[in-house]
Each structure stands twice: as C-alpha cells, then as structure tokens.
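Raw contents of structure_1.cif, mmCIF, C-alpha atoms; chains and numbers go by the auth columns:
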data_protein
loop_
_atom_site.group_PDB
_atom_site.id
_atom_site.type_symbol
_atom_site.label_atom_id
_atom_site.label_comp_id
_atom_site.label_asym_id
_atom_site.label_seq_id
_atom_site.Cartn_x
_atom_site.Cartn_y
_atom_site.Cartn_z
_atom_site.B_iso_or_equiv
_atom_site.auth_seq_id
_atom_site.auth_asym_id
ATOM 1 C CA MET A 1 0.000 0.000 0.000 0.00 26 A
ATOM 2 C CA LYS A 2 2.895 2.321 0.687 0.00 27 A
ATOM 3 C CA TYR A 3 4.054 2.324 -2.952 0.00 28 A
ATOM 4 C CA ARG A 4 0.523 2.907 -4.221 0.00 29 A
ATOM 5 C CA GLN A 5 0.036 5.859 -1.894 0.00 30 A
ATOM 6 C CA TRP A 6 3.385 7.379 -2.878 0.00 31 A
ATOM 7 C CA LYS A 7 2.525 7.030 -6.565 0.00 32 A
ATOM 8 C CA LYS A 8 -0.931 8.529 -6.138 0.00 33 A
ATOM 9 C CA ASN A 9 0.452 11.458 -4.140 0.00 34 A
ATOM 10 C CA TYR A 10 3.134 12.101 -6.766 0.00 35 A
ATOM 11 C CA LYS A 11 0.557 12.052 -9.551 0.00 36 A
ATOM 12 C CA LYS A 12 -1.776 14.302 -7.580 0.00 37 A
ATOM 13 C CA LYS A 13 1.024 16.805 -6.927 0.00 38 A
ATOM 14 C CA HIS A 14 2.715 16.779 -10.364 0.00 39 A
ATOM 15 C CA GLY A 15 -0.128 15.689 -12.677 0.00 40 A
ATOM 16 C CA VAL A 16 1.856 12.797 -14.214 0.00 41 A
ATOM 17 C CA ASN A 17 3.137 9.411 -13.146 0.00 42 A
ATOM 18 C CA PRO A 18 6.592 9.459 -11.508 0.00 43 A
ATOM 19 C CA PRO A 19 9.546 9.258 -13.896 0.00 44 A
ATOM 20 C CA LEU A 20 11.787 6.221 -14.021 0.00 45 A
ATOM 21 C CA GLU A 21 14.550 8.064 -12.117 0.00 46 A
ATOM 22 C CA LEU A 22 12.294 8.353 -9.046 0.00 47 A
ATOM 23 C CA ASP A 23 10.324 5.100 -9.274 0.00 48 A
ATOM 24 C CA LYS A 24 12.483 2.383 -7.701 0.00 49 A
ATOM 25 C CA ARG A 25 9.940 -0.348 -8.441 0.00 50 A
ATOM 26 C CA LYS A 26 9.999 0.441 -12.161 0.00 51 A
ATOM 27 C CA GLN A 27 13.801 0.475 -12.064 0.00 52 A
ATOM 28 C CA ARG A 28 13.939 -2.993 -10.503 0.00 53 A
ATOM 29 C CA ARG A 29 11.370 -4.348 -12.962 0.00 54 A
ATOM 30 C CA LEU A 30 13.294 -2.898 -15.907 0.00 55 A
ATOM 31 C CA ALA A 31 16.571 -4.325 -14.553 0.00 56 A
ATOM 32 C CA ARG A 32 15.034 -7.809 -14.312 0.00 57 A
ATOM 33 C CA LYS A 33 13.665 -7.515 -17.840 0.00 58 A
ATOM 34 C CA MET A 34 17.040 -6.441 -19.217 0.00 59 A
ATOM 35 C CA ALA A 35 18.771 -9.296 -17.357 0.00 60 A
ATOM 36 C CA ARG A 36 16.391 -11.806 -18.956 0.00 61 A
ATOM 37 C CA GLN A 37 17.070 -10.360 -22.401 0.00 62 A
ATOM 38 C CA ILE A 38 20.830 -10.488 -21.829 0.00 63 A
ATOM 39 C CA ASN A 39 20.599 -14.097 -20.662 0.00 64 A
ATOM 40 C CA LYS A 40 18.754 -14.962 -23.877 0.00 65 A
ATOM 41 C CA THR A 41 21.145 -13.172 -26.229 0.00 66 A
ATOM 42 C CA LEU A 42 24.460 -13.832 -24.470 0.00 67 A
ATOM 43 C CA PRO A 43 24.943 -17.446 -25.656 0.00 68 A
ATOM 44 C CA THR A 44 24.205 -16.543 -29.278 0.00 69 A
ATOM 45 C CA ALA A 45 26.553 -13.555 -29.084 0.00 70 A
ATOM 46 C CA ALA A 46 29.301 -15.784 -27.670 0.00 71 A
ATOM 47 C CA GLU A 47 28.783 -18.287 -30.496 0.00 72 A
ATOM 48 C CA THR A 48 28.930 -15.502 -33.064 0.00 73 A
ATOM 49 C CA LEU A 49 32.161 -14.153 -31.581 0.00 74 A
ATOM 50 C CA ALA A 50 33.697 -17.634 -31.530 0.00 75 A
ATOM 51 C CA ALA A 51 32.794 -18.177 -35.180 0.00 76 A
ATOM 52 C CA ALA A 52 34.223 -14.776 -36.114 0.00 77 A
ATOM 53 C CA ALA A 53 37.441 -15.583 -34.241 0.00 78 A
ATOM 54 C CA GLU A 54 37.778 -18.857 -36.136 0.00 79 A
ATOM 55 C CA ILE A 55 37.246 -17.103 -39.464 0.00 80 A
ATOM 56 C CA LEU A 56 39.784 -14.433 -38.548 0.00 81 A
ATOM 57 C CA ALA A 57 42.349 -17.039 -37.477 0.00 82 A
ATOM 58 C CA ALA A 58 41.892 -18.944 -40.739 0.00 83 A
ATOM 59 C CA ALA A 59 42.264 -15.758 -42.789 0.00 84 A
ATOM 60 C CA LEU A 60 45.370 -14.755 -40.845 0.00 85 A
ATOM 61 C CA ASN A 61 46.863 -18.224 -41.363 0.00 86 A
ATOM 62 C CA ARG A 62 46.212 -18.031 -45.128 0.00 87 A
ATOM 63 C CA TRP A 63 47.809 -14.574 -45.249 0.00 88 A
ATOM 64 C CA VAL A 64 50.902 -15.787 -43.395 0.00 89 A
ATOM 65 C CA GLN A 65 51.184 -18.784 -45.734 0.00 90 A
ATOM 66 C CA SER A 66 50.955 -16.501 -48.769 0.00 91 A
ATOM 67 C CA ILE A 67 53.598 -14.073 -47.487 0.00 92 A
ATOM 68 C CA LYS A 68 56.156 -16.717 -46.457 0.00 93 A
ATOM 69 C CA PRO A 69 57.740 -17.076 -49.960 0.00 94 A
ATOM 70 C CA ALA A 70 58.119 -13.311 -50.247 0.00 95 A
ATOM 71 C CA LEU A 71 59.761 -13.160 -46.822 0.00 96 A
ATOM 72 C CA ALA A 72 62.090 -16.010 -47.756 0.00 97 A
ATOM 73 C CA THR A 73 63.123 -14.186 -50.936 0.00 98 A
ATOM 74 C CA LEU A 74 63.661 -10.967 -48.994 0.00 99 A
ATOM 75 C CA CYS A 75 65.851 -12.727 -46.428 0.00 100 A
ATOM 76 C CA GLU A 76 67.889 -14.421 -49.166 0.00 101 A
ATOM 77 C CA ASN A 77 68.438 -11.100 -50.956 0.00 102 A
ATOM 78 C CA MET A 78 69.449 -9.381 -47.712 0.00 103 A
ATOM 79 C CA ALA A 79 71.852 -12.230 -46.934 0.00 104 A
ATOM 80 C CA ALA A 80 73.425 -11.869 -50.390 0.00 105 A
ATOM 81 C CA ALA A 81 73.709 -8.094 -49.941 0.00 106 A
ATOM 82 C CA PHE A 82 75.387 -8.480 -46.529 0.00 107 A
ATOM 83 C CA SER A 83 77.699 -11.104 -47.976 0.00 108 A
ATOM 84 C CA ASN A 84 78.709 -8.685 -50.751 0.00 109 A
ATOM 85 C CA VAL A 85 79.277 -5.897 -48.225 0.00 110 A
ATOM 86 C CA ALA A 86 81.381 -8.216 -46.070 0.00 111 A
ATOM 87 C CA ALA A 87 83.452 -9.295 -49.073 0.00 112 A
ATOM 88 C CA GLY A 88 84.006 -5.662 -50.051 0.00 113 A
ATOM 89 C CA LEU A 89 85.089 -4.755 -46.512 0.00 114 A
ATOM 90 C CA ARG A 90 87.460 -7.721 -46.437 0.00 115 A
ATOM 91 C CA GLU A 91 89.040 -6.637 -49.717 0.00 116 A
ATOM 92 C CA GLU A 92 89.476 -3.075 -48.456 0.00 117 A
ATOM 93 C CA SER A 93 91.045 -4.217 -45.203 0.00 118 A
ATOM 94 C CA GLU A 94 93.450 -6.548 -47.069 0.00 119 A
ATOM 95 C CA ALA A 95 94.374 -3.730 -49.452 0.00 120 A
ATOM 96 C CA VAL A 96 95.135 -1.474 -46.497 0.00 121 A
ATOM 97 C CA GLU A 97 97.248 -4.184 -44.831 0.00 122 A
ATOM 98 C CA ASN A 98 99.191 -4.867 -48.037 0.00 123 A
ATOM 99 C CA ASP A 99 100.088 -1.205 -48.563 0.00 124 A
#

Show this structure as structure tokens.
Amino acid sequence: MKYRQWKKNYKKKHGVNPPLELDKRKQRRLARKMARQINKTLPTAAETLAAAAEILAAALNRWVQSIKPALATLCENMAAAFSNVAAGLREESEAVEND
C-alpha cells in the first residue's frame, strides 16, 4: 500500500506518473527484464564471436602462408647483400694491410 500511496500522491502533486529516475519499483522491474534479455542473447553472441574468431584465425593463417615465400626471398636477398658488403670490406682491409 505504501508504494501505491506514494505514486498517487506524486501524480496528484505533479499531474503525471513518476519518472523512471524516481520510481524504484519500475527500475527494478526494468533491470530484471534487461537481465532476462541479456541471458537470452548472451549465448548466441558468444557463439557468433567464436565463429568470427575462427574465421579471422583462418584468414590470418592463409595470409601468413601466402607471405612466407616473399619473406624467404627478402631474407635471401638481404643475406646476399650483406655477404657482398662483407666481401668488399674484407678486400678493403686486405688492401690497407698490403700497402
């Protein structure tokens, strides 16, 4: 009866039903309703995220597999370049020692 009297007095004083910010009963009811909706949608959202993660992992794996030959070629070219630089430095140091 206490809630009913409070609501009637509020409506009598202000001319409208109390807003959600003041009505604790409506807040609790809305919170329960939202919790039920979240409990219904949470498993499907988790499944969707898991499926998206699997798709992303597969795409990332394919990308890595496609870039591996290019990386191998790059490493081989860099190794050849460093080898040429090392050979040039060796020749210069031997020329300096021989002079």

As a check of understanding, name the residues that the PyMOL selection byres ((chain A and resi 26-37) around 12) selects in the supplied structure, as a ChimeraX atom specification.
/A:38-45,47-51

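Note that CA of Pro68 (chain A) and CA of Leu81 (chain A) are 19.9 Å apart.
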
For a test of reading the model, state the distance in Å between CA of Ser91 (chain A) and CA of Ala106 (chain A), rounded to one decimal.
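Interatomic distance, CA of Ser91 (chain A) to CA of Ala106 (chain A): 24.3 Å.
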